[in-house]
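Encoded as structure tokens, the structure appears first; notes follow it.
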Amino acid sequence: MKNLYIKITSCFCLILALVSCDSQLDLAPTDVTVESDVFATVQNAEQALADGYYKLFEASVGMTHLIPDFSLPYVGVPDIPFYSDFYGGNLIAINSEVEDIWSEYYEAINVANVFIQQIPLLGQYDETTELQHIGEAKFLRAYSYWALLSFYGDKALTGNSEGLCVPLQLAPFNGAKVRPEDIKPRSTNDEVFAQIITDLTEAIEDLSDSHGDNVKTRVRATKASAYALLSRVQLYKRDYQACVDATTAVLGNSVYNLELGSLRDLFPLNDEGATSSFNDEVIFGFPVSSNGGNFQFGTHGLFYYNRGLYAHSDFIEAMDPADKRRTELLFDGNPLNTTTNVNEKTTFKYNNPDSRDDIIVLRLAEIILNRAEALAQLNGVNSESVSLLNQIRERSGIAPVLESDFASKEALLTALYDERYIETAFEGRSRFDFIRTNRPLRNSALTEDQKTFPIPQREIDLSGGILVQNPGYN
């Protein structure tokens, strides 16, 4: 997809496929008869829904996943503009990655919108399953808007509720040409947060608790995955009581358990490219290994396994020598890489040489830290936050802490931020966590404006100026 203003057609193989186009290309109108076939049976609808999950996968991996990691100094990167544009304050509105992140998430949103709008009109199968499919589509849409808000919302992560975010497109594109009513202005950060929360809250009502087996339960939206994402969103929004409430539903679910053995059971050796990493701690992820085929992740095997990107020595040395995240989750990477970074360590979280590692998006450790942080914000130094912090520390093989170790709320929050930093490193969110907690990125001289991506100039041009640029990029 090359811009926001595209249409969706239903193809005869019953997959809802989005078509790349530019502003001059006419598409055939939506074929209502074929869409009726798509929603005529549960089998056809699930085949189409799979395309929505795949669109979310395509949007969420590759550079979308790497940029938030190498924005911080724990990742070693080559000193070339390709990287420094993102962490050095040199981004421009015609950067291809800036354009692709935007358009790929809107592709996933458009598939979700088709389900949300069309199932009530055209659905001909079991009503409970129809509602579940709508719930899954709302989860996909909510996740996509959370990502777009994090990248493009003007200071969305630092509490600027009235700052401009992204257009809220809540209906599928329909017809052969872009109509004036298809062109939406940017909504505020508060409005986008509200839509994400509405989607997740409504989805929870109709989503299943499970999908029959371990893998399906962790790769399709469930009540628990919606609650887990909701806890993240509410933490980012600074609604700490709502975050606590959302975590309660996840932590009370016996399907999900913190991995207390080797961390290699959570991120297993996957040299054959066929090992599922979806153990009991995983709440939601993308099943790359089980799908077959190489380089589905696009970049991590190439960048991390081959040590083009690597774990910076300062990051490693700052960790406790006994920390399992140091002793079990860092390794030498490609032994044949004899030309660059040969003495560096890399993350074991992506250890398959052909980029066929399953991608973990939500896991229980994050939810534990979400709850601990929200409780600390509400209550200052408290026993539950310290206990939750110790769950992560002790399973990593390092000594627990006491309430008396923290002289203030700020001291406890700093410890929780530091723990999250180590625990979730290389998982594609660190940039956002550092911005929302007002900690410096790799380039500490970045202005607040430079921490938000520019709106793609292509989108501004296609909108006829209805979309306006973020501050600092004009």
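A note on labels: chains of the structure tokens are A, B, ... as shown, every chain counts residues from 1, and ligands are counted from 1 in their shown order.
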Residues within 10 Å of Thr217 (chain A), only C-alpha atoms, excluding chain neighbours under 5 positions, as a ChimeraX atom specification: /A:208-212,222,224-225,255,278,282-285
Among region 231-310 of chain A, which residues does DSSP mark as helix (DSSP H, G or I) when it is run on the backbone? Keep the chain and numbering as in the structure and answer as a VMD selection string. chain A and resid 231 to 237 240 to 251 263 to 265 288 to 291 300 to 305
Please produce a file of those selected residues containing N, CA, C and O atoms, as a tab-separated table (two decimals), in the first residue's frame.
```tsv
chain	number	residue	atom	x	y	z
A	231	SER	N	-3.40	-2.92	29.18
A	231	SER	CA	-2.55	-2.48	30.30
A	231	SER	C	-1.40	-1.63	29.79
A	231	SER	O	-1.03	-0.63	30.43
A	232	ARG	N	-0.83	-1.99	28.65
A	232	ARG	CA	0.25	-1.18	28.07
A	232	ARG	C	-0.25	0.20	27.67
A	232	ARG	O	0.37	1.22	27.98
A	233	VAL	N	-1.39	0.21	26.99
A	233	VAL	CA	-1.94	1.48	26.50
A	233	VAL	C	-2.30	2.39	27.67
A	233	VAL	O	-2.00	3.60	27.66
A	234	GLN	N	-2.93	1.86	28.71
A	234	GLN	CA	-3.30	2.68	29.85
A	234	GLN	C	-2.08	3.19	30.61
A	234	GLN	O	-2.08	4.31	31.13
A	235	LEU	N	-1.02	2.40	30.65
A	235	LEU	CA	0.22	2.86	31.26
A	235	LEU	C	0.79	4.03	30.47
A	235	LEU	O	1.21	5.05	31.03
A	236	TYR	N	0.79	3.91	29.14
A	236	TYR	CA	1.28	4.99	28.29
A	236	TYR	C	0.40	6.23	28.42
A	236	TYR	O	0.89	7.36	28.33
A	237	LYS	N	-0.88	6.04	28.63
A	237	LYS	CA	-1.82	7.16	28.76
A	237	LYS	C	-1.75	7.80	30.14
A	237	LYS	O	-2.33	8.85	30.37
A	240	TYR	N	-3.25	5.13	35.56
A	240	TYR	CA	-2.59	4.05	36.27
A	240	TYR	C	-3.57	3.07	36.91
A	240	TYR	O	-3.30	1.86	36.94
A	241	GLN	N	-4.72	3.56	37.41
A	241	GLN	CA	-5.68	2.62	37.98
A	241	GLN	C	-6.25	1.71	36.90
A	241	GLN	O	-6.44	0.51	37.12
A	242	ALA	N	-6.52	2.26	35.72
A	242	ALA	CA	-7.01	1.43	34.62
A	242	ALA	C	-5.97	0.40	34.20
A	242	ALA	O	-6.31	-0.72	33.83
A	243	CYS	N	-4.69	0.78	34.27
A	243	CYS	CA	-3.62	-0.18	33.97
A	243	CYS	C	-3.63	-1.32	34.97
A	243	CYS	O	-3.56	-2.50	34.60
A	244	VAL	N	-3.72	-0.98	36.25
A	244	VAL	CA	-3.78	-2.01	37.30
A	244	VAL	C	-4.96	-2.94	37.07
A	244	VAL	O	-4.83	-4.17	37.14
A	245	ASP	N	-6.11	-2.37	36.76
A	245	ASP	CA	-7.31	-3.19	36.55
A	245	ASP	C	-7.12	-4.15	35.38
A	245	ASP	O	-7.53	-5.32	35.45
A	246	ALA	N	-6.49	-3.69	34.31
A	246	ALA	CA	-6.28	-4.55	33.15
A	246	ALA	C	-5.32	-5.69	33.46
A	246	ALA	O	-5.49	-6.82	32.97
A	247	THR	N	-4.29	-5.40	34.25
A	247	THR	CA	-3.32	-6.46	34.57
A	247	THR	C	-3.94	-7.55	35.44
A	247	THR	O	-3.51	-8.71	35.37
A	248	THR	N	-4.94	-7.21	36.23
A	248	THR	CA	-5.55	-8.19	37.13
A	248	THR	C	-6.10	-9.38	36.35
A	248	THR	O	-5.93	-10.54	36.74
A	249	ALA	N	-6.74	-9.09	35.23
A	249	ALA	CA	-7.35	-10.16	34.43
A	249	ALA	C	-6.29	-11.07	33.82
A	249	ALA	O	-6.54	-12.27	33.63
A	250	VAL	N	-5.11	-10.54	33.51
A	250	VAL	CA	-4.06	-11.35	32.90
A	250	VAL	C	-3.33	-12.17	33.96
A	250	VAL	O	-3.12	-13.38	33.80
A	251	LEU	N	-2.98	-11.51	35.06
A	251	LEU	CA	-2.20	-12.21	36.08
A	251	LEU	C	-3.01	-13.27	36.80
A	251	LEU	O	-2.44	-14.21	37.38
A	263	LEU	N	16.02	-19.22	30.73
A	263	LEU	CA	15.41	-18.28	29.79
A	263	LEU	C	15.50	-18.80	28.36
A	263	LEU	O	14.82	-18.28	27.46
A	264	ARG	N	16.30	-19.83	28.14
A	264	ARG	CA	16.33	-20.47	26.82
A	264	ARG	C	15.02	-21.22	26.55
A	264	ARG	O	14.75	-21.58	25.40
A	265	ASP	N	14.21	-21.49	27.58
A	265	ASP	CA	12.90	-22.09	27.35
A	265	ASP	C	11.92	-21.05	26.81
A	265	ASP	O	10.96	-21.39	26.13
A	288	VAL	N	6.33	-17.39	13.24
A	288	VAL	CA	7.17	-17.47	12.05
A	288	VAL	C	7.72	-18.88	11.84
A	288	VAL	O	7.68	-19.42	10.73
A	289	SER	N	8.23	-19.50	12.89
A	289	SER	CA	8.88	-20.81	12.73
A	289	SER	C	7.93	-21.86	12.19
A	289	SER	O	8.31	-22.66	11.33
A	290	SER	N	6.71	-21.85	12.68
A	290	SER	CA	5.78	-22.91	12.28
A	290	SER	C	5.22	-22.70	10.88
A	290	SER	O	4.57	-23.60	10.34
A	291	ASN	N	5.47	-21.54	10.28
A	291	ASN	CA	4.90	-21.28	8.96
A	291	ASN	C	5.76	-21.80	7.82
A	291	ASN	O	5.28	-21.94	6.70
A	300	HIS	N	15.90	-9.36	11.46
A	300	HIS	CA	16.61	-9.64	12.71
A	300	HIS	C	17.70	-10.68	12.55
A	300	HIS	O	18.79	-10.53	13.11
A	301	GLY	N	17.43	-11.76	11.82
A	301	GLY	CA	18.49	-12.73	11.60
A	301	GLY	C	19.67	-12.12	10.87
A	301	GLY	O	20.82	-12.43	11.16
A	302	LEU	N	19.38	-11.24	9.92
A	302	LEU	CA	20.45	-10.60	9.16
A	302	LEU	C	21.22	-9.61	10.03
A	302	LEU	O	22.44	-9.54	9.97
A	303	PHE	N	20.51	-8.82	10.84
A	303	PHE	CA	21.16	-7.75	11.60
A	303	PHE	C	21.77	-8.26	12.90
A	303	PHE	O	22.92	-7.95	13.22
A	304	TYR	N	20.99	-9.02	13.70
A	304	TYR	CA	21.51	-9.43	15.00
A	304	TYR	C	22.36	-10.69	14.91
A	304	TYR	O	23.49	-10.73	15.40
A	305	TYR	N	21.84	-11.74	14.31
A	305	TYR	CA	22.61	-12.98	14.25
A	305	TYR	C	23.96	-12.74	13.59
A	305	TYR	O	24.99	-13.26	14.02
```
Point-to-point distance in Å for CA of Pro454 (chain A) and CA of Ile466 (chain A):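 Between CA of Ile466 (chain A) and CA of Pro454 (chain A) the gap works out to 15.1 Å.
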With distances taken over only C-alpha atoms, which of A:Gly472, A:Gly123, A:Pro185, A:Gly88 is nearest to Asn44 (chain A)? A:Gly123
Assign secondary structure with DSSP using the backbone only, and return the residues of region 245-343 of chain A in strand (DSSP E) as JSON, numbers by chain. {"A": [282, 283, 284, 285, 286, 310, 311, 330, 331]}
I want to know what sits within 8 Å of Tyr143 (chain A), based on only C-alpha atoms, with residues of the same chain fewer than 3 positions away left out; could you give that as a PyMOL selection string? chain A and resi 139-140+146-147+196+229
Write out, as a JSON list (two decimals), in the first residue's frame, the residues just selected, with N, CA, C and O atoms.
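Just written: part35.json:
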```json
[["chain", "number", "residue", "atom", "x", "y", "z"],
["A", 139, "PHE", "N", -9.04, -5.90, 17.96],
["A", 139, "PHE", "CA", -7.71, -6.02, 18.54],
["A", 139, "PHE", "C", -6.65, -5.62, 17.52],
["A", 139, "PHE", "O", -5.72, -4.87, 17.85],
["A", 140, "LEU", "N", -6.77, -6.10, 16.29],
["A", 140, "LEU", "CA", -5.81, -5.74, 15.25],
["A", 140, "LEU", "C", -5.79, -4.24, 15.01],
["A", 140, "LEU", "O", -4.73, -3.63, 14.86],
["A", 146, "TRP", "N", -2.15, 1.89, 18.23],
["A", 146, "TRP", "CA", -1.16, 2.11, 19.29],
["A", 146, "TRP", "C", 0.22, 2.35, 18.66],
["A", 146, "TRP", "O", 0.95, 3.28, 19.07],
["A", 147, "ALA", "N", 0.60, 1.55, 17.68],
["A", 147, "ALA", "CA", 1.90, 1.72, 17.04],
["A", 147, "ALA", "C", 1.99, 3.06, 16.31],
["A", 147, "ALA", "O", 3.00, 3.78, 16.42],
["A", 196, "ILE", "N", -8.51, 3.46, 20.75],
["A", 196, "ILE", "CA", -7.80, 2.22, 21.08],
["A", 196, "ILE", "C", -8.45, 1.55, 22.28],
["A", 196, "ILE", "O", -8.71, 0.33, 22.29],
["A", 229, "LEU", "N", -2.67, -5.86, 26.15],
["A", 229, "LEU", "CA", -2.42, -4.65, 25.36],
["A", 229, "LEU", "C", -3.05, -3.44, 26.03],
["A", 229, "LEU", "O", -2.47, -2.35, 26.05]]
```
Polymer residues at most 10 Å from Phe348 (chain A), only C-alpha atoms, same-chain spacing of 2 or more positions, as an NGL selection string: :A and (263-264 or 267-270 or 304-305 or 325-326 or 328-333 or 345-346 or 350-352 or 426)
Long-range neighbours of Ile92 (chain A) as a list in words, 10 Å cut-off, only C-alpha atoms, 3 positions minimum in chain: Asp85, Phe86, Gly89, Asn95, Ser96, Val98, Phe453, Pro454, Ile455, Pro456, Gln457, Tyr473 and Asn474 of chain A
What would the file look like if the residues just selected were written as an mmCIF file, in the first residue's frame with N, CA, C and O atoms?
```cif
data_model
loop_
_atom_site.group_PDB
_atom_site.id
_atom_site.type_symbol
_atom_site.label_atom_id
_atom_site.label_comp_id
_atom_site.auth_asym_id
_atom_site.auth_seq_id
_atom_site.Cartn_x
_atom_site.Cartn_y
_atom_site.Cartn_z
ATOM 1 N N ASP A 85 19.968 8.645 10.873
ATOM 2 C CA ASP A 85 18.785 9.433 10.552
ATOM 3 C C ASP A 85 17.713 9.273 11.627
ATOM 4 O O ASP A 85 16.997 10.226 11.962
ATOM 5 N N PHE A 86 17.597 8.062 12.201
ATOM 6 C CA PHE A 86 16.551 7.793 13.172
ATOM 7 C C PHE A 86 16.931 8.211 14.584
ATOM 8 O O PHE A 86 16.079 8.644 15.346
ATOM 9 N N GLY A 89 18.367 12.713 14.836
ATOM 10 C CA GLY A 89 17.574 13.905 14.591
ATOM 11 C C GLY A 89 17.582 14.362 13.154
ATOM 12 O O GLY A 89 17.318 15.539 12.878
ATOM 13 N N ASN A 95 11.440 10.048 4.005
ATOM 14 C CA ASN A 95 12.160 8.823 4.328
ATOM 15 C C ASN A 95 11.273 7.612 4.034
ATOM 16 O O ASN A 95 10.105 7.569 4.438
ATOM 17 N N SER A 96 11.801 6.626 3.341
ATOM 18 C CA SER A 96 10.987 5.485 2.904
ATOM 19 C C SER A 96 10.468 4.655 4.069
ATOM 20 O O SER A 96 9.355 4.118 4.015
ATOM 21 N N VAL A 98 9.763 5.794 7.107
ATOM 22 C CA VAL A 98 8.695 6.601 7.695
ATOM 23 C C VAL A 98 7.402 6.393 6.911
ATOM 24 O O VAL A 98 6.311 6.266 7.485
ATOM 25 N N PHE A 453 8.102 11.014 14.864
ATOM 26 C CA PHE A 453 8.363 10.911 13.429
ATOM 27 C C PHE A 453 7.595 12.000 12.662
ATOM 28 O O PHE A 453 6.513 12.422 13.093
ATOM 29 N N PRO A 454 8.118 12.412 11.516
ATOM 30 C CA PRO A 454 7.343 13.291 10.647
ATOM 31 C C PRO A 454 6.184 12.537 10.008
ATOM 32 O O PRO A 454 6.254 11.322 9.800
ATOM 33 N N ILE A 455 5.118 13.251 9.698
ATOM 34 C CA ILE A 455 4.051 12.677 8.877
ATOM 35 C C ILE A 455 4.608 12.531 7.465
ATOM 36 O O ILE A 455 5.227 13.462 6.935
ATOM 37 N N PRO A 456 4.455 11.374 6.813
ATOM 38 C CA PRO A 456 4.992 11.220 5.451
ATOM 39 C C PRO A 456 4.498 12.327 4.522
ATOM 40 O O PRO A 456 3.298 12.594 4.438
ATOM 41 N N GLN A 457 5.416 12.966 3.823
ATOM 42 C CA GLN A 457 5.040 14.049 2.923
ATOM 43 C C GLN A 457 4.088 13.567 1.840
ATOM 44 O O GLN A 457 3.194 14.308 1.398
ATOM 45 N N TYR A 473 9.308 19.803 11.422
ATOM 46 C CA TYR A 473 9.597 19.167 10.130
ATOM 47 C C TYR A 473 9.136 20.008 8.948
ATOM 48 O O TYR A 473 9.155 19.536 7.829
ATOM 49 N N ASN A 474 8.703 21.205 9.159
ATOM 50 C CA ASN A 474 8.194 21.998 8.035
ATOM 51 C C ASN A 474 9.345 22.518 7.198
ATOM 52 O O ASN A 474 9.927 23.521 7.502
#
```
For Val401 (chain A), work out the shell of residues within 12 Å, counting only C-alpha atoms and skipping chain neighbours fewer than 5 positions away, then give it as a PyMOL selection string. chain A and resi 383+385-394+406+412+415-416
Could you write out that same residue set with N, CA and C atoms as a PDB file, in the first residue's frame?
```pdb
ATOM      1  N   SER A 383       4.536  -2.601  48.979  1.00  0.00           N
ATOM      2  CA  SER A 383       5.026  -3.980  49.033  1.00  0.00           C
ATOM      3  C   SER A 383       4.722  -4.747  47.758  1.00  0.00           C
ATOM      4  N   SER A 385       4.447  -3.647  44.575  1.00  0.00           N
ATOM      5  CA  SER A 385       5.365  -3.283  43.495  1.00  0.00           C
ATOM      6  C   SER A 385       6.726  -3.921  43.701  1.00  0.00           C
ATOM      7  N   VAL A 386       7.214  -3.912  44.937  1.00  0.00           N
ATOM      8  CA  VAL A 386       8.513  -4.504  45.221  1.00  0.00           C
ATOM      9  C   VAL A 386       8.468  -6.013  44.994  1.00  0.00           C
ATOM     10  N   SER A 387       7.370  -6.649  45.399  1.00  0.00           N
ATOM     11  CA  SER A 387       7.235  -8.089  45.195  1.00  0.00           C
ATOM     12  C   SER A 387       7.213  -8.427  43.700  1.00  0.00           C
ATOM     13  N   LEU A 388       6.495  -7.644  42.926  1.00  0.00           N
ATOM     14  CA  LEU A 388       6.438  -7.874  41.485  1.00  0.00           C
ATOM     15  C   LEU A 388       7.811  -7.651  40.848  1.00  0.00           C
ATOM     16  N   LEU A 389       8.501  -6.620  41.266  1.00  0.00           N
ATOM     17  CA  LEU A 389       9.864  -6.387  40.771  1.00  0.00           C
ATOM     18  C   LEU A 389      10.758  -7.578  41.080  1.00  0.00           C
ATOM     19  N   ASN A 390      10.602  -8.128  42.271  1.00  0.00           N
ATOM     20  CA  ASN A 390      11.442  -9.266  42.662  1.00  0.00           C
ATOM     21  C   ASN A 390      11.117 -10.526  41.868  1.00  0.00           C
ATOM     22  N   GLN A 391       9.885 -10.662  41.393  1.00  0.00           N
ATOM     23  CA  GLN A 391       9.589 -11.816  40.540  1.00  0.00           C
ATOM     24  C   GLN A 391      10.486 -11.813  39.304  1.00  0.00           C
ATOM     25  N   ILE A 392      10.687 -10.652  38.722  1.00  0.00           N
ATOM     26  CA  ILE A 392      11.522 -10.552  37.525  1.00  0.00           C
ATOM     27  C   ILE A 392      12.990 -10.695  37.876  1.00  0.00           C
ATOM     28  N   ARG A 393      13.406 -10.077  38.965  1.00  0.00           N
ATOM     29  CA  ARG A 393      14.812 -10.160  39.377  1.00  0.00           C
ATOM     30  C   ARG A 393      15.202 -11.596  39.739  1.00  0.00           C
ATOM     31  N   GLU A 394      14.385 -12.239  40.550  1.00  0.00           N
ATOM     32  CA  GLU A 394      14.757 -13.568  41.052  1.00  0.00           C
ATOM     33  C   GLU A 394      14.720 -14.616  39.950  1.00  0.00           C
ATOM     34  N   PHE A 406      14.292   1.595  49.122  1.00  0.00           N
ATOM     35  CA  PHE A 406      13.834   2.722  48.319  1.00  0.00           C
ATOM     36  C   PHE A 406      13.400   3.871  49.221  1.00  0.00           C
ATOM     37  N   LEU A 412      11.996   3.975  43.528  1.00  0.00           N
ATOM     38  CA  LEU A 412      11.373   2.713  43.108  1.00  0.00           C
ATOM     39  C   LEU A 412      11.072   2.740  41.614  1.00  0.00           C
ATOM     40  N   ALA A 415      14.154   2.054  39.615  1.00  0.00           N
ATOM     41  CA  ALA A 415      14.495   0.624  39.619  1.00  0.00           C
ATOM     42  C   ALA A 415      13.598  -0.149  38.661  1.00  0.00           C
ATOM     43  N   LEU A 416      12.317   0.192  38.609  1.00  0.00           N
ATOM     44  CA  LEU A 416      11.395  -0.484  37.696  1.00  0.00           C
ATOM     45  C   LEU A 416      11.716  -0.149  36.246  1.00  0.00           C
TER      46      LEU A 416
END
```
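Closest approach to Gly76 (chain A) among A:Ser254, A:Ser444, A:Ser60, A:Ser313 is made by A:Ser313 (distances from only C-alpha atoms).
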Which residue is closest to Glu403 (chain A)? Choose from A:Ser463, A:Gln117, A:Asn382, A:Gln450 and count only C-alpha atoms.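 Ranking A:Ser463, A:Gln117, A:Asn382, A:Gln450 by distance to Glu403 (chain A), first place goes to A:Asn382.
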Leaving out Leu157 (chain A) and any residue of its chain fewer than 6 positions from it, which residues lie within 12 Å of it when counting only C-alpha atoms, given as a ChimeraX atom specification? /A:146-151,163,165,189-190,193,232-238,431-439,448-449,451-452
